[in-house]
>>> print(open('structure-v5.txt').read())   # compact mmCIF, C-alpha atoms
# COMPACT_ATOMS: atom_id res chain seq x y z
CA MET A 22 84.42 -32.23 97.97
CA PRO A 23 85.43 -34.95 95.56
CA GLY A 24 88.98 -35.50 96.76
CA ASP A 25 90.25 -36.27 100.22
CA ASP A 26 92.20 -33.11 100.91
CA GLN A 27 90.68 -29.77 101.76
CA ASP A 28 93.63 -27.73 100.48
CA ASP A 29 93.49 -28.49 96.80
CA ALA A 30 92.13 -25.08 95.87
CA ASP A 31 95.17 -24.37 93.68
CA LEU A 32 94.65 -27.49 91.58
CA ARG A 33 90.91 -26.98 91.48
CA LYS A 34 91.41 -23.46 90.17
CA ALA A 35 93.92 -24.60 87.55
CA PHE A 36 91.59 -27.32 86.31
CA ALA A 37 88.67 -24.92 86.22
CA VAL A 38 90.68 -22.70 83.86
CA LEU A 39 91.50 -25.69 81.68
CA ARG A 40 87.84 -26.75 81.64
CA ARG A 41 86.75 -23.27 80.60
CA GLU A 42 89.33 -23.10 77.82
CA GLU A 43 88.43 -26.50 76.45
CA ALA A 44 84.71 -25.80 76.68
CA LYS A 45 85.21 -22.80 74.41
CA ALA A 46 86.49 -25.04 71.63
CA ALA A 47 84.19 -28.00 72.26
CA PRO A 48 82.05 -29.10 69.31
CA THR A 49 78.31 -29.29 69.87
CA PHE A 50 76.60 -32.55 70.69
CA GLU A 51 74.84 -32.53 67.31
CA ALA A 52 78.11 -31.96 65.47
CA VAL A 53 79.73 -34.96 67.14
CA ARG A 54 76.71 -37.15 66.48
CA ALA A 55 76.56 -36.10 62.84
CA ARG A 56 80.26 -36.73 62.40
CA ALA A 57 81.02 -39.39 59.80
CA ARG A 58 81.76 -42.71 61.38
CA PRO A 59 85.52 -42.91 61.80
CA ARG A 60 87.36 -45.57 59.93
CA ARG A 61 88.24 -48.39 62.23
CA LEU A 62 90.88 -50.11 60.13
CA ALA A 63 93.03 -48.88 57.31
CA PRO A 64 92.25 -50.70 54.00
CA LEU A 65 95.45 -52.71 54.05
CA GLY A 66 94.92 -53.48 57.70
CA GLY A 67 91.49 -54.89 56.84
CA LEU A 68 93.00 -56.98 54.07
CA LEU A 69 95.65 -58.30 56.42
CA ALA A 70 93.03 -59.18 59.01
CA ALA A 71 90.86 -60.93 56.40
CA ALA A 72 93.87 -62.82 55.03
CA SER A 73 94.89 -64.04 58.47
CA VAL A 74 91.34 -65.24 59.20
CA ALA A 75 91.22 -67.06 55.83
CA ALA A 76 94.60 -68.66 56.51
CA ALA A 77 93.43 -69.82 59.92
CA ILE A 78 90.27 -71.37 58.42
CA LEU A 79 92.27 -73.02 55.65
CA GLY A 80 94.68 -74.41 58.21
CA ILE A 81 91.82 -75.92 60.19
CA VAL A 82 90.27 -77.47 57.05
CA VAL A 83 93.56 -78.89 55.77
CA ARG A 84 94.63 -80.25 59.10
CA ARG A 85 91.28 -81.76 59.98
CA PRO A 86 91.78 -85.53 60.53
CA ASP A 87 89.85 -88.07 58.44
CA PRO A 88 86.50 -88.93 59.89
CA PRO A 89 86.50 -92.20 61.83
CA PRO A 90 85.21 -95.27 59.91
CA PRO A 91 81.56 -96.00 60.53
CA MET A 92 81.11 -98.34 63.44
CA ALA A 93 80.00 -101.84 62.45
CA SER A 94 76.92 -103.22 64.07
CA MET A 95 77.62 -105.80 66.76
CA GLU A 96 75.39 -108.29 64.94
CA LYS A 97 77.46 -108.06 61.75
CA TRP A 98 80.82 -107.84 63.40
CA ILE A 99 83.17 -110.73 62.71
CA ALA A 100 86.19 -111.24 64.89
CA PRO A 101 89.47 -111.53 63.00
CA THR A 102 90.10 -114.93 64.64
CA ASP A 103 86.73 -116.36 63.72
CA PHE A 104 88.26 -118.63 61.10
CA LEU A 105 89.84 -120.68 63.91
CA LEU A 106 86.40 -121.85 64.88
CA ASP A 107 85.75 -123.33 61.44
CA THR A 108 86.28 -126.95 62.38
CA PRO A 109 85.64 -129.81 59.98
CA GLY A 110 82.03 -131.05 60.14
CA ARG A 111 80.78 -127.83 61.67
CA GLU A 112 77.98 -127.60 59.15
CA ILE A 113 76.58 -130.90 60.48
CA LEU A 114 76.19 -129.35 63.92
CA GLN A 115 74.44 -126.34 62.45
CA THR A 116 71.70 -128.39 60.75
CA VAL A 117 68.86 -130.29 62.35
CA PRO A 118 68.96 -133.89 61.27
CA ARG A 119 65.81 -135.12 59.53
CA ILE A 120 64.53 -138.28 60.80
CA GLY A 121 62.67 -140.25 58.18
CA ARG A 122 59.28 -141.79 58.87
CA VAL A 123 59.64 -145.38 60.01
CA GLN A 124 57.13 -147.76 58.44
CA LYS A 125 56.10 -150.90 60.22
CA PRO A 126 56.36 -154.04 58.14
CA ARG A 127 52.90 -155.19 57.10
CA SER A 128 51.74 -158.21 59.04
CA VAL A 129 50.81 -161.21 57.02
CA SER A 130 47.59 -162.95 58.01
CA PRO A 131 47.69 -166.71 58.06
CA MET B 22 65.89 -46.19 79.25
CA SER B 23 64.28 -44.78 76.09
CA ARG B 24 66.35 -43.49 73.18
CA ALA B 25 65.01 -39.96 73.62
CA ARG B 26 65.98 -40.01 77.26
CA LEU B 27 69.43 -41.36 76.43
CA GLU B 28 69.95 -38.62 73.84
CA ALA B 29 68.89 -35.96 76.32
CA ASP B 30 71.28 -37.31 78.97
CA LEU B 31 74.13 -37.53 76.48
CA ALA B 32 73.50 -33.97 75.30
CA GLU B 33 73.45 -32.70 78.87
CA LEU B 34 76.72 -34.41 79.71
CA HIS B 35 78.33 -33.59 76.37
CA PRO B 36 80.67 -30.78 77.52
CA ALA B 37 81.99 -32.91 80.38
CA SER B 38 82.21 -35.94 78.09
CA PHE B 39 84.23 -33.98 75.57
CA GLY B 40 86.64 -32.86 78.27
CA TRP B 41 87.01 -36.43 79.47
CA ALA B 42 87.49 -37.71 75.90
CA LEU B 43 90.20 -35.09 75.40
CA GLY B 44 91.86 -36.31 78.60
CA CYS B 45 91.68 -39.92 77.39
CA CYS B 46 93.17 -38.95 74.01
CA ASN B 47 96.08 -36.95 75.35
CA GLY B 48 94.61 -33.70 74.07
CA ASP B 49 94.15 -34.89 70.48
CA ARG B 50 90.97 -33.08 69.57
CA GLY B 51 90.18 -35.02 66.38
CA GLU B 52 90.70 -38.33 68.13
CA ALA B 53 88.57 -37.18 71.07
CA GLU B 54 85.69 -36.34 68.70
CA ASP B 55 86.04 -39.77 67.04
CA VAL B 56 86.03 -41.51 70.40
CA LEU B 57 83.02 -39.54 71.55
CA GLN B 58 81.11 -40.25 68.38
CA ILE B 59 81.78 -44.01 68.64
CA ALA B 60 80.83 -43.98 72.33
CA TYR B 61 77.55 -42.18 71.57
CA VAL B 62 76.70 -44.67 68.82
CA LYS B 63 77.46 -47.54 71.21
CA VAL B 64 75.13 -46.08 73.81
CA LEU B 65 72.31 -45.19 71.40
CA ASP B 66 72.49 -48.52 69.53
CA GLY B 67 72.37 -50.43 72.79
CA ARG B 68 75.79 -52.01 72.35
CA ALA B 69 76.71 -50.35 75.63
CA ARG B 70 73.79 -50.77 77.98
CA PHE B 71 73.30 -48.77 81.17
CA ASP B 72 72.15 -51.13 83.92
CA GLY B 73 71.70 -48.52 86.62
CA GLY B 74 74.48 -50.00 88.75
CA SER B 75 76.16 -46.60 89.03
CA ALA B 76 75.48 -42.99 88.12
CA PHE B 77 74.87 -42.49 84.40
CA ARG B 78 77.80 -40.09 84.15
CA THR B 79 80.20 -42.57 85.78
CA TRP B 80 79.04 -45.29 83.42
CA LEU B 81 79.29 -43.04 80.35
CA PHE B 82 82.81 -41.99 81.28
CA ALA B 83 83.78 -45.65 81.59
CA VAL B 84 82.37 -46.29 78.10
CA ILE B 85 84.36 -43.34 76.72
CA ARG B 86 87.52 -44.52 78.45
CA ARG B 87 87.10 -48.05 77.09
CA THR B 88 86.42 -46.72 73.59
CA ALA B 89 89.57 -44.59 73.71
CA ALA B 90 91.57 -47.61 74.86
CA GLU B 91 90.16 -49.72 71.99
CA ARG B 92 91.13 -47.02 69.50
CA ARG B 93 94.63 -46.84 70.99
CA ARG B 94 94.99 -50.61 70.67
CA GLY B 95 93.74 -50.44 67.08
CA ARG B 96 96.24 -47.73 66.25
CA TRP B 97 99.02 -49.69 67.89
CA LEU B 98 98.17 -52.77 65.82
CA ARG B 99 98.01 -50.67 62.67
CA SER B 100 101.34 -49.12 63.51
CA LEU B 101 102.83 -52.61 63.74
CA ALA B 102 101.40 -53.69 60.40
CA LEU B 103 101.53 -50.42 58.54
CA ALA B 104 104.43 -48.57 60.03
CA ARG B 105 104.97 -46.51 56.90
CA TRP B 106 101.43 -46.26 55.59
CA PRO B 107 99.51 -43.02 55.82
CA THR B 108 96.35 -43.40 57.89
CA GLY B 109 94.57 -40.33 56.61
CA ARG B 110 94.65 -38.70 60.02
CA GLY B 111 96.92 -35.74 60.59
CA GLU B 112 98.79 -34.87 63.71
CA PRO B 113 96.85 -33.50 66.65
CA GLU B 114 95.87 -29.92 66.17
CA PRO B 115 98.42 -27.66 67.82
CA SER B 116 97.12 -26.17 71.00
CA ALA B 117 98.63 -22.81 70.15
CA ASP B 118 96.10 -20.40 68.70
CA PRO B 119 95.60 -16.64 69.02
CA GLU B 120 93.84 -17.11 72.34
CA ALA B 121 96.83 -18.96 73.71
CA LEU B 122 98.46 -15.61 74.19
CA ALA B 123 95.88 -14.75 76.80
CA GLY B 124 96.69 -15.55 80.41
CA SER B 125 94.06 -18.18 80.97
CA ALA B 126 94.87 -19.95 77.74
CA GLU B 127 98.52 -19.97 78.73
CA ALA B 128 97.64 -21.37 82.15
CA ALA B 129 95.48 -24.04 80.54
CA ARG B 130 98.26 -25.02 78.19
CA SER B 131 100.74 -25.17 81.02
CA LEU B 132 98.45 -27.49 82.99
CA ARG B 133 97.80 -29.60 79.92
CA ASP B 134 101.51 -30.02 79.28
CA SER B 135 102.18 -30.85 82.91
CA LEU B 136 99.41 -33.44 82.87
CA ARG B 137 100.95 -35.05 79.82
CA ALA B 138 104.16 -35.52 81.78
CA LEU B 139 102.33 -37.60 84.41
CA PRO B 140 101.90 -41.38 84.24
CA ALA B 141 98.60 -42.23 82.55
CA ARG B 142 96.88 -43.54 85.67
CA GLN B 143 97.74 -40.46 87.73
CA ARG B 144 96.66 -38.15 84.91
CA GLU B 145 93.39 -40.02 84.53
CA LEU B 146 92.51 -39.82 88.22
CA LEU B 147 93.41 -36.16 88.57
CA HIS B 148 91.34 -35.35 85.52
CA LEU B 149 88.32 -37.24 86.81
CA VAL B 150 88.50 -35.70 90.27
CA PHE B 151 89.47 -32.11 89.48
CA TYR B 152 88.18 -31.57 85.98
CA GLU B 153 85.04 -33.70 86.11
CA ASP B 154 84.37 -33.26 89.82
CA LEU B 155 83.93 -36.96 90.46
CA SER B 156 84.52 -38.42 93.89
CA LEU B 157 87.57 -40.66 94.29
CA GLU B 158 85.23 -43.66 94.51
CA GLU B 159 83.53 -42.71 91.24
CA ALA B 160 86.89 -42.07 89.60
CA ALA B 161 88.08 -45.52 90.70
CA LEU B 162 84.93 -47.01 89.17
CA VAL B 163 85.53 -45.26 85.86
CA ALA B 164 89.20 -46.29 85.83
CA GLY B 165 88.31 -49.86 86.78
CA ILE B 166 90.60 -50.00 89.82
CA SER B 167 90.12 -50.31 93.57
CA VAL B 168 89.60 -47.20 95.68
CA GLY B 169 92.84 -47.90 97.56
CA THR B 170 94.85 -48.04 94.35
CA ALA B 171 93.09 -44.93 93.08
CA ARG B 172 93.94 -43.07 96.28
CA THR B 173 97.62 -43.94 95.95
CA HIS B 174 97.79 -42.75 92.32
CA TYR B 175 95.75 -39.68 93.20
CA HIS B 176 98.07 -38.50 95.97
CA ARG B 177 101.22 -39.25 93.97
CA GLY B 178 99.73 -37.48 90.97
CA LYS B 179 98.89 -34.38 92.94
CA ALA B 180 102.39 -34.12 94.37
CA ARG B 181 103.97 -34.65 90.96
CA LEU B 182 101.65 -32.19 89.23
CA ARG B 183 102.35 -29.49 91.82
CA ALA B 184 106.07 -30.01 91.32
CA LEU B 185 105.71 -29.78 87.54
CA LEU B 186 103.58 -26.64 87.74
CA ALA B 187 106.03 -25.08 90.15
CA ALA B 188 108.87 -25.82 87.77
CA ARG B 189 106.92 -23.98 85.08
CA GLY B 190 106.43 -21.05 87.41
CA ARG B 191 102.72 -21.63 87.95
>>> encode(input="structure-v5.txt", output="structure tokens")
Amino acid sequence: MPGDDQDDADLRKAFAVLRREEAKAAPTFEAVRARARPRRLAPLGGLLAAASVAAAILGIVVRRPDPPPPMASMEKWIAPTDFLLDTPGREILQTVPRIGRVQKPRSVSP
Amino acid sequence: MSRARLEADLAELHPASFGWALGCCNGDRGEAEDVLQIAYVKVLDGRARFDGGSAFRTWLFAVIRRTAAERRRGRWLRSLALARWPTGRGEPEPSADPEALAGSAEAARSLRDSLRALPARQRELLHLVFYEDLSLEEAALVAGISVGTARTHYHRGKARLRALLAARGR
């Protein structure tokens, strides 16, 4: 007994009649399978759907922010305040002084 | 499950599936055939896959129900966009035919009309239990609701249907 109640004979009988009547007019399994695939969207509906998708894509492309500038390498990076460190004579400190060869004065024999 | 086996199972359940599809489509025969065809293609193409978690019939009915709901949603969306555009589909075939004059056909029509007057959930559960002979638990599974909720709708539906049939003199 599918339902809970035991006294549903009236409904069961009524549904059995309905089932019999509908079975008389039921198409065969093969007929339903061979049926042409039903149209899912009306032509204009399809166009509207395609247009809305295209608009969404266009909106994304147009509104896409500019790509961030490429990140400079830390070795090449120059701080904006670097010029403050350019003190006069700085180039002297950045070069190694060359010390010339010292020659002894020739001794004079008596 | 092999394709041949699936086809055999679908063919065996076809009369019951058609009845259920009719129930899901409010008696619209053309729409029921469309729904059934799409559901069969889904099953045979593997887009709807039976995992053995329930009886095959319960699962198939759930696929049919979902397909009918998708079609209803599609129609609703089309009706919003194309309120005045012809869709190529006519009105549901009238249920009146020469056989409708016979007693059983008249009784069937009376029940069908009374069912239409019920809320969708109640109609669905009564159809699954009385027409398809599913248990309340199986019907709840097909409808995607809890057994407790199904029981409530089932009892209310029965009371309402009896009242409607009584008002029609059945």
>>> interface_residues(input="structure-v5.txt", of="chain B", to="chain A", cutoff="6 Å", atoms="all atoms listed in the file", output="PDB file with C-alpha atoms, in the coordinates of the input")
ATOM      1  CA  ALA B  32      73.500 -33.970  75.300  1.00  0.00           C
ATOM      2  CA  GLN B  58      81.110 -40.250  68.380  1.00  0.00           C
ATOM      3  CA  ALA B 129      95.480 -24.040  80.540  1.00  0.00           C
ATOM      4  CA  PHE B 151      89.470 -32.110  89.480  1.00  0.00           C
ATOM      5  CA  TYR B 152      88.180 -31.570  85.980  1.00  0.00           C
ATOM      6  CA  LEU B 155      83.930 -36.960  90.460  1.00  0.00           C
ATOM      7  CA  SER B 156      84.520 -38.420  93.890  1.00  0.00           C
ATOM      8  CA  LEU B 157      87.570 -40.660  94.290  1.00  0.00           C
TER       9      LEU B 157
END
>>> atom_distance(input="structure-v5.txt", atom1="CA of Leu31 (chain B)", atom2="CA of Ala141 (chain B)")
25.6 Å
>>> residues_around(input="structure-v5.txt", residues="Val163 (chain B)", least_positions_apart="4", cutoff="9 Å", atoms="all atoms listed in the file", output="ChimeraX atom specification")
/B:79-84,86,149,158-159
>>> axis_aligned_box(input="structure-v5.txt", around="region 98-112 of chain A", padding_each_side="8 Å", output="JSON")
{"center_x": 84.0, "center_y": -119.4, "center_z": 62.0, "size_x": 28.1, "size_y": 39.2, "size_z": 21.7}
>>> atom_distance(input="structure-v5.txt", atom1="CA of Leu57 (chain B)", atom2="CA of Ala25 (chain B)")
18.1 Å
>>> atom_distance(input="structure-v5.txt", atom1="CA of Ala171 (chain B)", atom2="CA of Ala126 (chain B)")
29.4 Å
>>> closest_residue(input="structure-v5.txt", among="B:Asp66, B:Asp49, B:Glu145, B:Glu54", to="Arg24 (chain B)", atoms="all atoms listed in the file")
B:Asp66
>>> closest_residue(input="structure-v5.txt", among="B:Lys63, B:His174, B:Arg99, B:Arg50", to="Ile85 (chain B)", atoms="all atoms listed in the file")
B:Lys63
>>> residues_near_point(input="structure-v5.txt", point="(92.1, -43.1, 73.8)", cutoff="9 Å", atoms="all atoms listed in the file", output="ChimeraX atom specification")
/B:42-47,52-53,56,85-94
>>> closest_residue(input="structure-v5.txt", among="B:Gly178, B:Ser75, B:Arg26, B:Arg189", to="Pro140 (chain B)", atoms="all atoms listed in the file")
B:Gly178
